[in-house]
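Some notes on the structure that comes next.
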2 protein chains.
Amino acid sequence: MARRTIAVLGGTGRQGRGLALRLANAGYRTVIGSRDPDRAAATVREWGANYDRITTTSHGDAIATSEIIILALPFDSVASTLAQHAARFAPASCIVDVTVPVVFVSGNAALTDVPEGSATEHVRAHAPSHVGVAAAFKTIPAHALDDVAHPLDCDEFVCGDSPQSRATAIELIDAIAGLRAIDVGPLSRARSIEHLTLLAIGINRRHKIRDARFRIVGM
Amino acid sequence: MARRTIAVLGGTGRQGRGLALRLANAGYRTVIGSRDPDRAAATVREWGANYDRITTTSHGDAIATSEIIILALPFDSVASTLAQHAARFAPASCIVDVTVPVVFVSGNAALTDVPEGSATEHVRAHAPSHVGVAAAFKTIPAHALDDVAHPLDCDEFVCGDSPQSRATAIELIDAIAGLRAIDVGPLSRARSIEHLTLLAIGINRRHKIRDARFRIVGM
């Protein structure tokens, strides 16, 4: 099976790095998009030989050459990045949003209020209309994703603006060993998925663990 | 160990019935509070001999004679019921809120907007200040709770306004075979728990199952 090309915008962060390598290991051509491609290339070289297959380029070129664009950017820069590169998305491309905007209020984590209702609906509002949008990989802790030798024995939740978008996100999840994709439906479910992340953060802090994640019982 | 008395307000619904019997089976004195105690008594008699230990009385008397008050009422009637019986709560009593207000918008389930942020914070705002408030039993499907021969092999999430309130809710969960209590912290986490319920409803509908529920991996 010919694997598609995946851009990971913000791919030098821990979450992006883990996703990029796990998806490269699964056979995808994986390219990290960065505002500073030279620095990104240097960063990837520092990661070592395992990461040799992962290339780096600008945000715009990564978007233009990929069928799937994973958004692992800081949430605050999502809208401007999408606006800046709106003309470069390929016709049938799909954005997979992995962001969860969290703020700490009096020491407690909380979700940032987003006018569109959720981070992924914010992405939908700012992405070109011909590009699909799905949410995935929101609930797995970044350091667990990044520990690529460690299988991820949990479920990962997907919602999206079309069956095609959801199928794209599900394909990526199913390509990673140990993950099971749970399709939870329309994009309006994104805030519920983001609340899972918030709960996991709260559970980690309260119980002094690092890896709380979810599995659905009964299916 | 002397078991405490538990009132289940709204205990003739399926969720309340399942909770009442499971907690009675665990050794608690369990009383169903109802706006119409005679009808509630008739209903409980119809349930059969298994339910003989469960008594029925008015909301006010159930509240006054119980250390733990489970709110399994329709969400819309919570505030008025609490206001009407505010004077009857015992000094160290604790409310365990199990409600999740869901509306269906264009065929999709959504959480009702609640000014206080969540159903349980709504309860906190309307309960007497000396009464503790915790959330629990929000994510287990009512019919699974009610199928008392069936063990519940999943986690159940607790938040509360004090360590004492959370301990009360955790005690009830731990008393039911197969359940593990997950303490997620302050009452401000209630909305996240309610989003779990919403996700489970969405998963059930999408995947044509009935029993989606949650387990935390990594703890």
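We label chains A, B, ... in the order they appear in the structure tokens, count residues from 1 in each chain, and number ligands from 1 in the order shown.
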**Message:** What's around Val184 in chain B at 8 Å? Count only C-alpha atoms, leave out sequence neighbours fewer than 5 positions away in its own chain, and write the answer as a PyMOL selection string.
**Reply:** (chain A and resi 199+202-203+206) or (chain B and resi 157-159+189)
Name the residues in contact with Ile140 in chain B at a cut-off of 10 Å, using only C-alpha atoms, excluding same-chain residues fewer than 2 positions from it; report them as an mmCIF file with all heavy atoms, in the first residue's frame.
data_model
loop_
_atom_site.group_PDB
_atom_site.id
_atom_site.type_symbol
_atom_site.label_atom_id
_atom_site.label_comp_id
_atom_site.auth_asym_id
_atom_site.auth_seq_id
_atom_site.Cartn_x
_atom_site.Cartn_y
_atom_site.Cartn_z
ATOM 1 N N GLN B 15 -31.978 4.610 36.977
ATOM 2 C CA GLN B 15 -30.668 4.877 37.575
ATOM 3 C C GLN B 15 -30.756 4.806 39.103
ATOM 4 O O GLN B 15 -29.943 4.162 39.757
ATOM 5 C CB GLN B 15 -30.195 6.261 37.136
ATOM 6 C CG GLN B 15 -28.787 6.598 37.581
ATOM 7 C CD GLN B 15 -28.381 8.011 37.150
ATOM 8 O OE1 GLN B 15 -29.227 8.896 37.012
ATOM 9 N NE2 GLN B 15 -27.107 8.220 36.920
ATOM 10 N N VAL B 98 -25.783 12.682 40.797
ATOM 11 C CA VAL B 98 -25.566 11.733 39.691
ATOM 12 C C VAL B 98 -26.187 12.230 38.385
ATOM 13 O O VAL B 98 -26.191 11.510 37.392
ATOM 14 C CB VAL B 98 -26.118 10.325 40.035
ATOM 15 C CG1 VAL B 98 -25.572 9.859 41.384
ATOM 16 C CG2 VAL B 98 -27.632 10.277 40.036
ATOM 17 N N ALA B 136 -20.754 11.708 41.395
ATOM 18 C CA ALA B 136 -20.363 10.306 41.182
ATOM 19 C C ALA B 136 -21.453 9.618 40.364
ATOM 20 O O ALA B 136 -22.535 10.178 40.176
ATOM 21 C CB ALA B 136 -20.176 9.581 42.505
ATOM 22 N N PHE B 137 -21.162 8.443 39.880
ATOM 23 C CA PHE B 137 -22.146 7.614 39.169
ATOM 24 C C PHE B 137 -22.740 8.353 37.968
ATOM 25 O O PHE B 137 -23.879 8.111 37.590
ATOM 26 C CB PHE B 137 -23.284 7.185 40.115
ATOM 27 C CG PHE B 137 -22.825 6.359 41.275
ATOM 28 C CD1 PHE B 137 -22.889 6.854 42.570
ATOM 29 C CD2 PHE B 137 -22.295 5.089 41.077
ATOM 30 C CE1 PHE B 137 -22.455 6.094 43.653
ATOM 31 C CE2 PHE B 137 -21.861 4.319 42.152
ATOM 32 C CZ PHE B 137 -21.940 4.830 43.450
ATOM 33 N N LYS B 138 -21.977 9.247 37.374
ATOM 34 C CA LYS B 138 -22.517 9.987 36.229
ATOM 35 C C LYS B 138 -22.303 9.242 34.922
ATOM 36 O O LYS B 138 -23.024 9.488 33.966
ATOM 37 C CB LYS B 138 -21.867 11.382 36.130
ATOM 38 C CG LYS B 138 -22.351 12.348 37.209
ATOM 39 C CD LYS B 138 -21.938 13.782 36.904
ATOM 40 C CE LYS B 138 -22.331 14.703 38.037
ATOM 41 N NZ LYS B 138 -23.305 15.723 37.626
ATOM 42 N N ALA B 142 -27.637 3.951 32.881
ATOM 43 C CA ALA B 142 -28.674 3.626 33.863
ATOM 44 C C ALA B 142 -29.074 2.160 33.783
ATOM 45 O O ALA B 142 -29.236 1.494 34.814
ATOM 46 C CB ALA B 142 -29.891 4.533 33.645
ATOM 47 N N HIS B 143 -29.212 1.639 32.569
ATOM 48 C CA HIS B 143 -29.683 0.256 32.469
ATOM 49 C C HIS B 143 -28.613 -0.730 32.939
ATOM 50 O O HIS B 143 -28.941 -1.817 33.414
ATOM 51 C CB HIS B 143 -30.136 -0.062 31.040
ATOM 52 C CG HIS B 143 -28.998 -0.185 30.084
ATOM 53 N ND1 HIS B 143 -28.349 -1.372 29.849
ATOM 54 C CD2 HIS B 143 -28.362 0.749 29.353
ATOM 55 C CE1 HIS B 143 -27.376 -1.153 28.988
ATOM 56 N NE2 HIS B 143 -27.356 0.114 28.670
ATOM 57 N N ALA B 144 -27.342 -0.342 32.836
ATOM 58 C CA ALA B 144 -26.285 -1.223 33.349
ATOM 59 C C ALA B 144 -26.286 -1.203 34.877
ATOM 60 O O ALA B 144 -26.140 -2.246 35.525
ATOM 61 C CB ALA B 144 -24.922 -0.779 32.801
ATOM 62 N N LEU B 145 -26.469 -0.029 35.456
ATOM 63 C CA LEU B 145 -26.602 0.064 36.913
ATOM 64 C C LEU B 145 -27.762 -0.791 37.395
ATOM 65 O O LEU B 145 -27.690 -1.466 38.422
ATOM 66 C CB LEU B 145 -26.897 1.515 37.311
ATOM 67 C CG LEU B 145 -25.758 2.384 37.797
ATOM 68 C CD1 LEU B 145 -26.291 3.770 38.118
ATOM 69 C CD2 LEU B 145 -25.056 1.788 39.015
ATOM 70 N N LEU B 152 -20.109 -4.452 37.300
ATOM 71 C CA LEU B 152 -19.761 -3.249 36.534
ATOM 72 C C LEU B 152 -18.240 -3.115 36.486
ATOM 73 O O LEU B 152 -17.636 -2.584 37.406
ATOM 74 C CB LEU B 152 -20.367 -2.019 37.200
ATOM 75 C CG LEU B 152 -21.893 -1.965 37.218
ATOM 76 C CD1 LEU B 152 -22.374 -0.962 38.238
ATOM 77 C CD2 LEU B 152 -22.414 -1.617 35.838
ATOM 78 N N CYS B 154 -15.757 -1.270 35.449
ATOM 79 C CA CYS B 154 -15.287 -0.009 34.885
ATOM 80 C C CYS B 154 -14.924 0.949 36.008
ATOM 81 O O CYS B 154 -15.042 0.625 37.189
ATOM 82 C CB CYS B 154 -16.352 0.616 33.987
ATOM 83 S SG CYS B 154 -17.878 1.046 34.824
ATOM 84 N N ASP B 155 -14.448 2.127 35.614
ATOM 85 C CA ASP B 155 -14.108 3.151 36.586
ATOM 86 C C ASP B 155 -15.247 4.152 36.694
ATOM 87 O O ASP B 155 -16.021 4.351 35.762
ATOM 88 C CB ASP B 155 -12.828 3.881 36.150
ATOM 89 C CG ASP B 155 -11.600 2.984 36.232
ATOM 90 O OD1 ASP B 155 -11.658 1.967 36.953
ATOM 91 O OD2 ASP B 155 -10.596 3.299 35.574
ATOM 92 N N GLU B 156 -15.320 4.769 37.862
ATOM 93 C CA GLU B 156 -16.342 5.783 38.069
ATOM 94 C C GLU B 156 -15.648 6.997 38.682
ATOM 95 O O GLU B 156 -14.792 6.858 39.557
ATOM 96 C CB GLU B 156 -17.427 5.203 38.974
ATOM 97 C CG GLU B 156 -18.774 5.854 38.943
ATOM 98 C CD GLU B 156 -19.101 6.704 37.750
ATOM 99 O OE1 GLU B 156 -19.175 6.174 36.633
ATOM 100 O OE2 GLU B 156 -19.281 7.910 37.927
ATOM 101 N N PHE B 157 -16.012 8.172 38.200
ATOM 102 C CA PHE B 157 -15.243 9.382 38.473
ATOM 103 C C PHE B 157 -15.913 10.220 39.544
ATOM 104 O O PHE B 157 -17.122 10.427 39.513
ATOM 105 C CB PHE B 157 -15.078 10.162 37.166
ATOM 106 C CG PHE B 157 -14.379 9.353 36.114
ATOM 107 C CD1 PHE B 157 -15.080 8.449 35.320
ATOM 108 C CD2 PHE B 157 -13.008 9.436 35.964
ATOM 109 C CE1 PHE B 157 -14.428 7.665 34.372
ATOM 110 C CE2 PHE B 157 -12.347 8.660 35.024
ATOM 111 C CZ PHE B 157 -13.063 7.770 34.230
ATOM 112 N N LEU B 179 -16.569 -1.850 40.500
ATOM 113 C CA LEU B 179 -16.293 -0.435 40.238
ATOM 114 C C LEU B 179 -15.010 0.002 40.925
ATOM 115 O O LEU B 179 -14.739 -0.379 42.065
ATOM 116 C CB LEU B 179 -17.431 0.447 40.745
ATOM 117 C CG LEU B 179 -18.738 0.428 39.978
ATOM 118 C CD1 LEU B 179 -19.669 1.502 40.538
ATOM 119 C CD2 LEU B 179 -18.501 0.668 38.495
ATOM 120 N N LEU B 196 -17.808 13.091 29.800
ATOM 121 C CA LEU B 196 -17.611 11.647 29.617
ATOM 122 C C LEU B 196 -18.942 10.973 29.299
ATOM 123 O O LEU B 196 -19.030 10.107 28.416
ATOM 124 C CB LEU B 196 -17.028 11.015 30.887
ATOM 125 C CG LEU B 196 -15.585 11.326 31.274
ATOM 126 C CD1 LEU B 196 -15.242 10.629 32.586
ATOM 127 C CD2 LEU B 196 -14.628 10.854 30.190
ATOM 128 N N THR B 197 -19.966 11.361 30.047
ATOM 129 C CA THR B 197 -21.290 10.781 29.811
ATOM 130 C C THR B 197 -21.769 11.092 28.403
ATOM 131 O O THR B 197 -22.297 10.228 27.694
ATOM 132 C CB THR B 197 -22.287 11.345 30.837
ATOM 133 O OG1 THR B 197 -21.744 11.176 32.135
ATOM 134 C CG2 THR B 197 -23.639 10.661 30.729
ATOM 135 N N ALA B 200 -20.006 8.935 25.998
ATOM 136 C CA ALA B 200 -20.518 7.555 26.041
ATOM 137 C C ALA B 200 -21.839 7.446 25.287
ATOM 138 O O ALA B 200 -22.075 6.471 24.554
ATOM 139 C CB ALA B 200 -20.676 7.097 27.488
ATOM 140 N N ASP B 211 -23.562 0.002 26.242
ATOM 141 C CA ASP B 211 -22.870 -0.064 27.530
ATOM 142 C C ASP B 211 -21.516 0.620 27.546
ATOM 143 O O ASP B 211 -20.674 0.290 28.385
ATOM 144 C CB ASP B 211 -22.664 -1.539 27.912
ATOM 145 C CG ASP B 211 -23.945 -2.168 28.405
ATOM 146 O OD1 ASP B 211 -24.814 -1.409 28.880
ATOM 147 O OD2 ASP B 211 -24.051 -3.402 28.329
ATOM 148 N N ALA B 212 -21.268 1.551 26.636
ATOM 149 C CA ALA B 212 -19.954 2.200 26.637
ATOM 150 C C ALA B 212 -19.731 2.884 27.987
ATOM 151 O O ALA B 212 -20.575 3.610 28.492
ATOM 152 C CB ALA B 212 -19.868 3.229 25.505
ATOM 153 N N ARG B 213 -18.568 2.602 28.554
ATOM 154 C CA ARG B 213 -18.185 3.249 29.813
ATOM 155 C C ARG B 213 -16.663 3.306 29.821
ATOM 156 O O ARG B 213 -16.042 2.939 28.824
ATOM 157 C CB ARG B 213 -18.786 2.513 31.012
ATOM 158 C CG ARG B 213 -18.528 1.028 31.055
ATOM 159 C CD ARG B 213 -19.677 0.322 31.803
ATOM 160 N NE ARG B 213 -19.319 -1.070 32.080
ATOM 161 C CZ ARG B 213 -19.460 -2.059 31.191
ATOM 162 N NH1 ARG B 213 -19.952 -1.818 29.976
ATOM 163 N NH2 ARG B 213 -19.107 -3.298 31.497
ATOM 164 N N PHE B 214 -16.061 3.756 30.905
ATOM 165 C CA PHE B 214 -14.651 4.141 30.852
ATOM 166 C C PHE B 214 -13.791 3.364 31.832
ATOM 167 O O PHE B 214 -14.238 2.979 32.908
ATOM 168 C CB PHE B 214 -14.511 5.642 31.145
ATOM 169 C CG PHE B 214 -15.176 6.512 30.117
ATOM 170 C CD1 PHE B 214 -16.511 6.882 30.244
ATOM 171 C CD2 PHE B 214 -14.486 6.927 28.991
ATOM 172 C CE1 PHE B 214 -17.128 7.666 29.285
ATOM 173 C CE2 PHE B 214 -15.101 7.714 28.027
ATOM 174 C CZ PHE B 214 -16.423 8.078 28.175
#
**Request:** Can you list, as a ChimeraX atom specification, all residues belonging to range 37-130 of chain A that DSSP tags as helix (DSSP H, G or I)?
**Result:** /A:37-47,49-51,59-64,75-84,86-88,119-126
How would the residues just picked look written out with N, CA and C atoms as a CSV table (one decimal), in the first residue's frame?
chain,number,residue,atom,x,y,z
A,37,PRO,N,12.8,26.3,9.3
A,37,PRO,CA,13.2,25.0,8.9
A,37,PRO,C,14.6,24.6,9.2
A,38,ASP,N,15.5,25.6,9.2
A,38,ASP,CA,16.9,25.3,9.5
A,38,ASP,C,17.1,24.8,10.9
A,39,ARG,N,16.4,25.6,11.8
A,39,ARG,CA,16.5,25.1,13.2
A,39,ARG,C,15.8,23.8,13.4
A,40,ALA,N,14.7,23.6,12.7
A,40,ALA,CA,14.0,22.3,12.8
A,40,ALA,C,14.9,21.2,12.3
A,41,ALA,N,15.6,21.4,11.2
A,41,ALA,CA,16.5,20.4,10.7
A,41,ALA,C,17.6,20.0,11.7
A,42,ALA,N,18.1,21.1,12.3
A,42,ALA,CA,19.2,20.8,13.3
A,42,ALA,C,18.6,20.0,14.5
A,43,THR,N,17.4,20.4,14.9
A,43,THR,CA,16.8,19.7,16.0
A,43,THR,C,16.6,18.2,15.7
A,44,VAL,N,16.1,17.9,14.5
A,44,VAL,CA,15.8,16.5,14.1
A,44,VAL,C,17.2,15.8,14.0
A,45,ARG,N,18.2,16.4,13.6
A,45,ARG,CA,19.5,15.7,13.5
A,45,ARG,C,20.0,15.4,14.9
A,46,GLU,N,19.7,16.2,15.9
A,46,GLU,CA,20.1,15.9,17.3
A,46,GLU,C,19.3,14.7,17.8
A,47,TRP,N,18.1,14.5,17.3
A,47,TRP,CA,17.3,13.3,17.8
A,47,TRP,C,18.0,12.0,17.5
A,49,ALA,N,19.7,8.9,14.7
A,49,ALA,CA,19.6,8.1,13.5
A,49,ALA,C,18.1,7.6,13.3
A,50,ASN,N,17.4,7.3,14.4
A,50,ASN,CA,16.0,6.8,14.2
A,50,ASN,C,15.2,7.8,13.4
A,51,TYR,N,15.6,9.1,13.5
A,51,TYR,CA,14.7,10.1,12.9
A,51,TYR,C,15.2,10.5,11.5
A,59,HIS,N,6.4,25.6,7.0
A,59,HIS,CA,5.0,25.3,7.1
A,59,HIS,C,4.3,25.2,5.8
A,60,GLY,N,4.5,26.2,4.9
A,60,GLY,CA,3.8,26.3,3.7
A,60,GLY,C,4.2,25.1,2.8
A,61,ASP,N,5.5,24.8,2.7
A,61,ASP,CA,5.8,23.7,1.8
A,61,ASP,C,5.4,22.3,2.4
A,62,ALA,N,5.4,22.2,3.7
A,62,ALA,CA,4.9,21.0,4.3
A,62,ALA,C,3.4,20.8,4.0
A,63,ILE,N,2.6,21.9,4.1
A,63,ILE,CA,1.2,21.8,3.8
A,63,ILE,C,1.0,21.4,2.3
A,64,ALA,N,1.7,22.1,1.4
A,64,ALA,CA,1.5,21.9,0.0
A,64,ALA,C,1.8,20.5,-0.5
A,75,PHE,N,-1.6,26.4,20.5
A,75,PHE,CA,-3.0,26.7,20.0
A,75,PHE,C,-3.1,28.2,19.6
A,76,ASP,N,-2.4,29.1,20.2
A,76,ASP,CA,-2.5,30.5,19.9
A,76,ASP,C,-2.0,30.8,18.5
A,77,SER,N,-1.2,30.0,17.9
A,77,SER,CA,-0.7,30.3,16.6
A,77,SER,C,-1.4,29.5,15.5
A,78,VAL,N,-2.4,28.8,15.8
A,78,VAL,CA,-3.1,28.0,14.8
A,78,VAL,C,-3.8,28.8,13.8
A,79,ALA,N,-4.6,29.8,14.2
A,79,ALA,CA,-5.4,30.6,13.3
A,79,ALA,C,-4.5,31.4,12.3
A,80,SER,N,-3.5,32.0,12.8
A,80,SER,CA,-2.6,32.8,11.9
A,80,SER,C,-1.8,31.9,11.0
A,81,THR,N,-1.4,30.7,11.4
A,81,THR,CA,-0.7,29.8,10.5
A,81,THR,C,-1.6,29.3,9.4
A,82,LEU,N,-2.9,29.0,9.8
A,82,LEU,CA,-3.8,28.5,8.8
A,82,LEU,C,-4.1,29.7,7.8
A,83,ALA,N,-4.3,30.9,8.3
A,83,ALA,CA,-4.6,32.0,7.4
A,83,ALA,C,-3.4,32.3,6.4
A,84,GLN,N,-2.2,32.2,7.0
A,84,GLN,CA,-1.1,32.6,6.2
A,84,GLN,C,-0.9,31.6,5.0
A,86,ALA,N,-3.3,29.5,3.7
A,86,ALA,CA,-4.6,28.9,3.2
A,86,ALA,C,-4.5,28.5,1.8
A,87,ALA,N,-3.8,29.2,0.9
A,87,ALA,CA,-3.8,28.9,-0.5
A,87,ALA,C,-3.0,27.6,-0.8
A,88,ARG,N,-2.3,27.1,0.1
A,88,ARG,CA,-1.3,26.0,-0.2
A,88,ARG,C,-1.9,24.6,0.1
A,119,ALA,N,-11.2,23.5,20.4
A,119,ALA,CA,-10.0,23.8,19.6
A,119,ALA,C,-10.2,23.4,18.2
A,120,THR,N,-10.8,22.2,18.0
A,120,THR,CA,-11.0,21.7,16.6
A,120,THR,C,-12.0,22.5,15.8
A,121,GLU,N,-13.0,22.9,16.5
A,121,GLU,CA,-14.0,23.8,15.8
A,121,GLU,C,-13.3,25.1,15.4
A,122,HIS,N,-12.4,25.6,16.3
A,122,HIS,CA,-11.6,26.8,15.9
A,122,HIS,C,-10.8,26.5,14.7
A,123,VAL,N,-10.2,25.4,14.6
A,123,VAL,CA,-9.4,25.0,13.4
A,123,VAL,C,-10.3,25.0,12.2
A,124,ARG,N,-11.5,24.4,12.3
A,124,ARG,CA,-12.5,24.3,11.2
A,124,ARG,C,-12.8,25.7,10.7
A,125,ALA,N,-13.0,26.6,11.7
A,125,ALA,CA,-13.4,28.0,11.3
A,125,ALA,C,-12.3,28.7,10.6
A,126,HIS,N,-11.1,28.3,10.8
A,126,HIS,CA,-10.0,29.1,10.2
A,126,HIS,C,-9.3,28.3,9.0
**Prompt:** Quick one: residues within 9 Å of Gly16 in chain A, only C-alpha atoms counted, chain neighbours fewer than 5 positions away excluded, as a ChimeraX atom specification?
**Reply:** /A:8-11,21,32,70-73,142,145-146
Take the residues that were just selected and, keeping C-alpha atoms, output them as a PDB file, in the first residue's frame.
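Contents of again.pdb, as written:
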ATOM      1  CA  VAL A   8       3.407  17.585  11.251  1.00  0.00           C
ATOM      2  CA  LEU A   9       3.234  21.324  11.931  1.00  0.00           C
ATOM      3  CA  GLY A  10       4.921  22.011  15.239  1.00  0.00           C
ATOM      4  CA  GLY A  11       6.637  18.679  14.889  1.00  0.00           C
ATOM      5  CA  LEU A  21       8.367   8.999  14.408  1.00  0.00           C
ATOM      6  CA  ILE A  32       7.956  18.335   9.895  1.00  0.00           C
ATOM      7  CA  ILE A  70      -1.290  17.236  11.679  1.00  0.00           C
ATOM      8  CA  LEU A  71      -1.618  20.422  13.730  1.00  0.00           C
ATOM      9  CA  ALA A  72       0.646  20.131  16.764  1.00  0.00           C
ATOM     10  CA  LEU A  73       1.212  23.868  17.026  1.00  0.00           C
ATOM     11  CA  ALA A 142       2.938  13.818  24.907  1.00  0.00           C
ATOM     12  CA  LEU A 145       3.643   9.334  22.513  1.00  0.00           C
ATOM     13  CA  ASP A 146       7.292  10.325  22.431  1.00  0.00           C
TER      14      ASP A 146
END
**Nearest to Val100 in chain B by atom-to-atom distance, counting only C-alpha atoms, from B:Val217, B:Asp161, B:Thr55, B:Ile201** =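 Checking each candidate against Val100 in chain B, we get B:Ile201 as the closest.
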**Asked** Just how far from CA of Ala149 in chain B is CA of Asp183 in chain B, in Å to one decimal?
**Response**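 A separation of 26.0 Å between them.
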**Message:** Which residues are close to Ala175 in chain B, i.e. within 8 Å by only C-alpha atoms, leaving aside same-chain residues fewer than 3 positions away? Reply as a list of chain:residue names.
**Reply:**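 Everything that qualifies: B:Leu23, B:Ala26, B:Glu171, B:Leu172.
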Just to be explicit: take each residue in the selection above, keep N, CA and C atoms, and write the result as a PDB file, in the first residue's frame.
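Written out: out-v2.pdb:
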ATOM      1  N   LEU B  23     -26.652  -0.539  46.491  1.00  0.00           N
ATOM      2  CA  LEU B  23     -26.156  -0.043  47.779  1.00  0.00           C
ATOM      3  C   LEU B  23     -26.824  -0.779  48.938  1.00  0.00           C
ATOM      4  N   ALA B  26     -25.049  -3.852  49.351  1.00  0.00           N
ATOM      5  CA  ALA B  26     -23.744  -3.620  49.986  1.00  0.00           C
ATOM      6  C   ALA B  26     -23.884  -3.353  51.483  1.00  0.00           C
ATOM      7  N   GLU B 171     -16.499   6.016  48.868  1.00  0.00           N
ATOM      8  CA  GLU B 171     -16.977   4.893  49.694  1.00  0.00           C
ATOM      9  C   GLU B 171     -18.138   4.165  48.994  1.00  0.00           C
ATOM     10  N   LEU B 172     -19.064   4.915  48.429  1.00  0.00           N
ATOM     11  CA  LEU B 172     -20.206   4.278  47.756  1.00  0.00           C
ATOM     12  C   LEU B 172     -19.750   3.491  46.529  1.00  0.00           C
TER      13      LEU B 172
END
